[in-house]
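K.L.:
Got a structure here, written out as C-alpha cells. Questions coming.
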Amino acid sequence: MSADTKGWSRRRLLVASGLGVAGGSLLAAAEARARPDTERALPPGRPGQDYTPVVVPNGSKLPWKLVDGVKVFHLVAEEVEHTFAPGLQARCWGYNGRVHGPLIEAVEGDRVRFYVTNRLPAPTTVHWHGLLLPNGMDGVGGLNQRAIAPGETFQYEFTLRQSGTLMYHSHHDEMTQIALGMVGLFIVHPREAPRGPKVDRDFAFMLHEWKLDPGAKRPNPNEMTDFNLLTLNGKAFPGTAPMVVRTGQRVRIRLGNLGPMDHHPIHLHGYQFRITETDGGRVPESAQWRDTTVLVPVGSTRTVEFVADVPGDWAMHCHMTHHVMNQMGHGMPNLIGLKPEGFDEKVRALLPDYMTMGHTGMGEMEEMGMPVPANSIPMVGGQGRYGGITMGGMFTVLKVRDGLTSYNDPGWYENPSSTLSQLAERAALTRDGIDVDANPGVVDDVDA
Amino acid sequence: MKRLVWLWVLALGAGGCATMSPERGHAELGALVHERVAVSTGWERGPPANEAVREQVRALLRDGLSSEEAVRIALVNSPGLQGAYESLGISQAELVEAGLLSNPALGVSVGVPGLGVELSLVQGLFDLFVLPARRGIAQQRFDADVQRTAHEALAVVAQTREAYASVQAAQMLLRYQAQLVAVFEASAELARMQYEAGNIPELDLSILRTAWQEARVGLAREELALVQQRERMNRLLGLWGDNTEWTVGEPLPEPAGAAPEFTRLERLAMRRRLDLDAARKDVALLERSVALARSTRFIGTVDVGVGAEREGGGLRVTGPSLVLELPVFNQRQALIGGLEARQRQAERRLTQLAVDARSEVRQHGAELRTARHLVEHYAKVLLPLRRRVLEQSQLQYNAMVLSPFQLLEARRDEVRTYREYVETLRDYWTAHIALENAVGGRLTDDDTEAAR
C-alpha cells in the first residue's frame, strides 16, 4: 500500500467516524494512529458488491457473520488429516479442519473480530501477518499476549486499515506449528474499486514446503534443509487443481509464502505479467516490471497480473528444479550414464526386485509403476494430453479457453496441429537441408 | 596221594572256567550304549568283519550323510574307539588272570652217591582260599572297565554329533559369507560403473572396493573353517581316501518339541552316567580289596606238597609236606594302608566326578535354555524384522528415497543377522549335545522314548 493510498484511507476512516472536526486533521490522524482501537470502522464490505471474491484452487474460505456491524470469524486450531495428493495423507496442524487454514476475505475499513479456539495439544497464537493493527492484537506469544492454552478461546479485534494480500499464522513455537501447516491467506480488498482495469479471475495461492518421508504420516517440523514436499495451497502436483480462465480475461495471481525455509521463483509460461503488489501494498504502475518469474521470499506475498489472451494449457511452477519433485531421497547417488544391464541380473540373485534406476535421469520414474511405500506419491508424474508430465510439487496449470461458460476443469487443450510441435517429416528435413546424422556445429563468437 | 589229587582237581575246577571270551565285554558295552543312544556299536575283528564294516561305512556315506549315520559310522569305524574296545580285551585278560591258581611246582632232586631220586609237587594253597573273592573283585573291575569304555563310546557319539552340527553350521556360514561378498561386490561394481561414467571420484570407488576385498578375506576364513570341521569329522569317523568325499545336505534343524524339563536332569545324570557308575564300582571294589587284605592279614602263604623219594637202597618214601609262612614281620600293613589310601582316593574321585557332572548338567542346561531362547528370538522376531526392513528398503528404493547402496546395505544387514542366527543355532545344538552327554544319554528318563 503506498503512502498516498494510506493517507486516503485514513481520511476516509476519520470522516466515517465523525472525528474529523474542523482544523487539526493531521493532529487528529496522529492521535487516531496512537489509539487505533478507538477507531470506528466503515460499514462491512459485501462480496459481489464491494469486491469480487478471490478463487482459491484446492482451498477454502473462512465463513463470517455480521454482529452489530462487525464481521465475526471463528478460527479453530486443531490437528487435521490432510491429503497432499491422491495417495499421500498426513496428520498436519491447521485451522477449521483444513490445511492450510481457510482464506480470510474482508474489505478495507471492515471491523473484524476473530475468536480463536485452541484444540491443539500445545499453546498457540495467531499473528496477522502484514496487517496494521494495535500492538496487543499482533499475536506474538509472550510478547503481545499470553499464548492461548489448549482448550481456551481468545478474541482478536481490529479494523482493517489497508488492502492487499496478507497472511496469518501461528506465532508460538513457529518452527513446529508453521512447519505442520498453521498458516493461511488474509485477503483485504480495497474499499473502492482501484483505478485501472478490473480483474476477472483473482487466484490466491499459499506456497509451503514440508518434510514427509514416504511411508510416514506426519510432516517432520525439525527439518531444516531437506524438504521433499512442495505445495500450492497444500497440494503437490498431480494433486493441484488448475486455474481456469476464459480467453481475454484479466488474471490476478496472489502468491504468499509461509514455508519454513525456502524462497520460490514462481514462473508462468506463455505470458509476461506485471508484479502489481507486494505485501507492502500496490506497486505504482510506473514501478511495475514485466516479468515471467516472480520470486516470493519466505514471509512475503507477491501479486501478478496479466491478460490471458492466448488459449492453451500453460504451466505455472516454482523454477527450483528440486521443488517440482515429490518425496525424492536427498542422498541419491549420481547414476547418469551407467549401463547396468548385466549388473542388474547379478544383483537380482540377491534382491529379486532390483532394478537400477536413474541412469538416464528421473523421467522414467513417471511410468515405472514399481511398488512404493504406503502413503507416498511418485517423485514426478501426472498424465498430460501428450504423455507423462515429469513434474511434481509446486506445479499447476493455467487453462485458458475460448468461450467458457463454466470454470470447471475443461480437460486438456487440443492444440491445432499447425501450432503443435511434432516429429519432423522427412520432406521437411530434406527441404531445409537438415542431415540428422551430421553435427551442424557452431559459429565461434570471436571479437573481430 | 589220592587226597592230594582230589585237591588238585578242586583247584583246577576253581580256576579252570576263567577262559578268554573277547565278545562278552563288547556285548555288554554295546547294550549300555544302545540303551542310551539307540545306536549299535561294532567291534572290528578279523578280515571278513573288516570287509563288512567297510561296506557298511560306504553305504552310510552314500547320498548325503545324516547326523545319525555319522554316529553309526563312528561307533563301528572310529580307530580310537576300536582301540578302546581292545582295551576291554586287556581288562578281560586281567579278569581271567585273577581266576587262575598259581601253578604247582614240581621238584626233582637226585642224590648222587646212591642215585636216589626225590620228586616233589608243591602247590600254594593261599590262592585257593582267596580265589573267589579275588575273582569277584576282578569281575567288578572288568564291569567298571566296560562302563568306562561305553562312556568313551558315548563321548565319541557326542563329539560326532557336535562335529556334524559344526559342519552344518560351517556350510551355512560359508554360504551366507558368499552372499555377503556378493553384496559388497555389487556395491563395488556399481561404484566402478559410476567411476567410469565420471560420476564419482576415485576415493569413493576405492572405499567400496576395499570393503569388497575385505569381505573376501572373510570368505577364505570361512572356507578353511569348513575344512577344519570336516577333518574333525573324518578323524572321528576314521575316514580317509575316497571316503572323505561325503556331503552334508541338510541345514541345521530348528529346535523341535518343547524345551526339556531341567529339574530332574541332575538326578538322571547321577543315575545314568556310566563313568559315575564305574567310579562307584572302583570304590566298592577297593572296599572289598581292603576287606580281603584285612581278613587275610594273619595268613601267610601256605604251600602244600607231596614228595616221593626213592632212596639208593630201593626204599620208596612218599609223604606230604606243608610249608607255612609265619606272618610275623609282614602282616600286609603296607598293602592294606596302600589299599585304604586308594579307596579314599577313589571316593574323592567319585565325589569330584559327581560334582562335575551335576555342574555340567546345570551349565549346559543354562546354555541350552539361553540358546533356545535366542534361536526363537531370531526366528520369530529378528529375522522377520530384518526381512521387513529389506522389503521396506526395496519400496523406499523404488520411490528413489534410498540409494541402491543403502538397499544393498539392508540386504547385507539381513545376511549378517542370518549368520548370527546360524551361530546361535549351532550354540543351541552344541549345548543340547553337551547336555545329553552330561546326562548320559537323552534328556528324559522315559526309556521308551527313542533317542534324538
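We name chains A, B, ... following the order of the C-alpha cells; residues begin at 1 in each chain, and ligands are numbered from 1 as shown.
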Based on only C-alpha atoms, which of the residues in chain A come within 8 Å of chain B? I want them as JSON, numbers by chain.

P.N.:
{"A": [214, 327, 328, 329, 330, 331, 332, 333, 334, 335, 336, 337, 338, 339, 340, 343, 346, 347, 350, 351, 353, 354, 356, 357, 370, 371, 372, 373, 378, 379]}

K.L.:
What parts of region 90-293 of chain A does DSSP call helix (DSSP H, G or I)? I'd like the answer as a ChimeraX atom specification.

P.N.:
/A:135-137,174-179,285-287

K.L.:
Can you write out the residues you just picked, keeping N, CA and C atoms, as a PDB file, in the first residue's frame?

P.N.:
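Written file, again_18.pdb:
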ATOM      1  N   ASN A 135      -0.935  -3.077  18.828  1.00  0.00           N
ATOM      2  CA  ASN A 135       0.136  -3.975  19.240  1.00  0.00           C
ATOM      3  C   ASN A 135      -0.382  -5.200  19.982  1.00  0.00           C
ATOM      4  N   GLY A 136      -1.391  -5.026  20.795  1.00  0.00           N
ATOM      5  CA  GLY A 136      -1.921  -6.130  21.598  1.00  0.00           C
ATOM      6  C   GLY A 136      -2.656  -7.162  20.784  1.00  0.00           C
ATOM      7  N   MET A 137      -2.882  -6.860  19.495  1.00  0.00           N
ATOM      8  CA  MET A 137      -3.571  -7.807  18.625  1.00  0.00           C
ATOM      9  C   MET A 137      -2.589  -8.549  17.720  1.00  0.00           C
ATOM     10  N   GLU A 174       6.852 -21.360  16.432  1.00  0.00           N
ATOM     11  CA  GLU A 174       6.667 -21.241  14.980  1.00  0.00           C
ATOM     12  C   GLU A 174       7.277 -22.410  14.229  1.00  0.00           C
ATOM     13  N   MET A 175       8.467 -22.818  14.681  1.00  0.00           N
ATOM     14  CA  MET A 175       9.166 -23.878  13.947  1.00  0.00           C
ATOM     15  C   MET A 175       8.277 -25.109  13.787  1.00  0.00           C
ATOM     16  N   THR A 176       7.603 -25.454  14.879  1.00  0.00           N
ATOM     17  CA  THR A 176       6.729 -26.627  14.818  1.00  0.00           C
ATOM     18  C   THR A 176       5.426 -26.304  14.104  1.00  0.00           C
ATOM     19  N   GLN A 177       4.794 -25.216  14.544  1.00  0.00           N
ATOM     20  CA  GLN A 177       3.410 -25.010  14.136  1.00  0.00           C
ATOM     21  C   GLN A 177       3.308 -24.556  12.683  1.00  0.00           C
ATOM     22  N   ILE A 178       4.257 -23.737  12.237  1.00  0.00           N
ATOM     23  CA  ILE A 178       4.237 -23.350  10.823  1.00  0.00           C
ATOM     24  C   ILE A 178       4.604 -24.552   9.958  1.00  0.00           C
ATOM     25  N   ALA A 179       5.619 -25.339  10.408  1.00  0.00           N
ATOM     26  CA  ALA A 179       6.038 -26.499   9.611  1.00  0.00           C
ATOM     27  C   ALA A 179       4.919 -27.518   9.482  1.00  0.00           C
ATOM     28  N   GLU A 285       2.173   1.936 -10.832  1.00  0.00           N
ATOM     29  CA  GLU A 285       2.296   1.431 -12.202  1.00  0.00           C
ATOM     30  C   GLU A 285       3.652   1.774 -12.802  1.00  0.00           C
ATOM     31  N   SER A 286       4.127   2.944 -12.458  1.00  0.00           N
ATOM     32  CA  SER A 286       5.407   3.382 -13.016  1.00  0.00           C
ATOM     33  C   SER A 286       6.568   2.490 -12.575  1.00  0.00           C
ATOM     34  N   ALA A 287       6.351   1.740 -11.459  1.00  0.00           N
ATOM     35  CA  ALA A 287       7.440   0.913 -10.937  1.00  0.00           C
ATOM     36  C   ALA A 287       7.266  -0.559 -11.283  1.00  0.00           C
TER      37      ALA A 287
END

K.L.:
What's around region 142-156 of chain A at 10 Å? Count only C-alpha atoms, leave out sequence neighbours fewer than 3 positions away in its own chain, and write the answer as number ranges by chain.

P.N.:
A: 72-78, 112-128, 134-139, 171-172

K.L.:
Just the number, please: distance in Å from CA of Glu223 (chain A) to CA of Pro260 (chain A), one decimal.

P.N.:
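Going from CA of Glu223 (chain A) over to CA of Pro260 (chain A) covers 9.1 Å.
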
K.L.:
List as number ranges by chain the protein and nucleic acid residues near Val117 (chain B), meaning an atom at most 7 Å away when only C-alpha atoms are counted, but skip any in the same chain fewer than 2 places from it.

P.N.:
B: 109-111, 115, 119, 309-311

K.L.:
So that I can check the secondary structure, give me every residue of region 124-321 of chain B assigned strand (DSSP E or B) by backbone DSSP, as a PyMOL selection string.

P.N.:
chain B and resi 124+302-310+316-321

K.L.:
Please provide as a PyMOL selection string all residues within 8 Å of region 262-279 of chain A, with the sequence filter that same-chain residues fewer than 6 positions apart are discarded (counting only C-alpha atoms).

P.N.:
chain A and resi 1+130+164-166+209+285+288-298+300-306+308+310+314-320

K.L.:
Quick one: residues within 6 Å of region 51-60 of chain A, only C-alpha atoms counted, chain neighbours fewer than 5 positions away excluded, as a list in words?

P.N.:
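Near region 51-60 of chain A, the qualifying residues are Pro102, Asp202, Phe203, Ala204 and Ala241 of chain A.
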
K.L.:
Could you write out that same residue set with N, CA and C atoms as a compact mmCIF listing (two decimals), in the first residue's frame?

P.N.:
# COMPACT_ATOMS: atom_id res chain seq x y z
N PRO A 102 -8.29 -21.80 6.28
CA PRO A 102 -9.15 -21.19 5.25
C PRO A 102 -8.73 -19.74 4.98
N ASP A 202 -9.29 -13.87 -10.00
CA ASP A 202 -8.36 -13.45 -8.95
C ASP A 202 -8.00 -14.71 -8.14
N PHE A 203 -6.85 -15.32 -8.45
CA PHE A 203 -6.45 -16.57 -7.79
C PHE A 203 -5.51 -16.30 -6.62
N ALA A 204 -5.64 -17.12 -5.59
CA ALA A 204 -4.76 -16.94 -4.43
C ALA A 204 -4.12 -18.28 -4.08
N ALA A 241 -5.16 -28.35 -8.34
CA ALA A 241 -6.25 -28.04 -9.28
C ALA A 241 -5.77 -26.95 -10.24

K.L.:
What's the 10 Å shell around Thr160 (chain B), counting only C-alpha atoms, without same-chain residues fewer than 4 positions away, as a PyMOL selection string?

P.N.:
chain B and resi 67-68+70-75+154-156+164-166+232-237+433

K.L.:
Just the number, please: distance in Å from CA of Ala346 (chain B) to CA of Ala279 (chain B), one decimal.

P.N.:
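Spanning CA of Ala346 (chain B) to CA of Ala279 (chain B) is a straight-line distance of 7.0 Å.
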
K.L.:
Quick one: distance from CA of Arg135 (chain B) to CA of Gly99 (chain B) in Å, one decimal?

P.N.:
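Straight-line distance from CA of Arg135 (chain B) to CA of Gly99 (chain B) works out to 5.4 Å.
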
K.L.:
Point out the residue among A:Trp210, A:Phe395, A:Trp93, A:Trp412 with the least atom-to-atom distance to Gly381 (chain A), counting only C-alpha atoms.

P.N.:
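That would be A:Phe395, the residue with the smallest distance to Gly381 (chain A).
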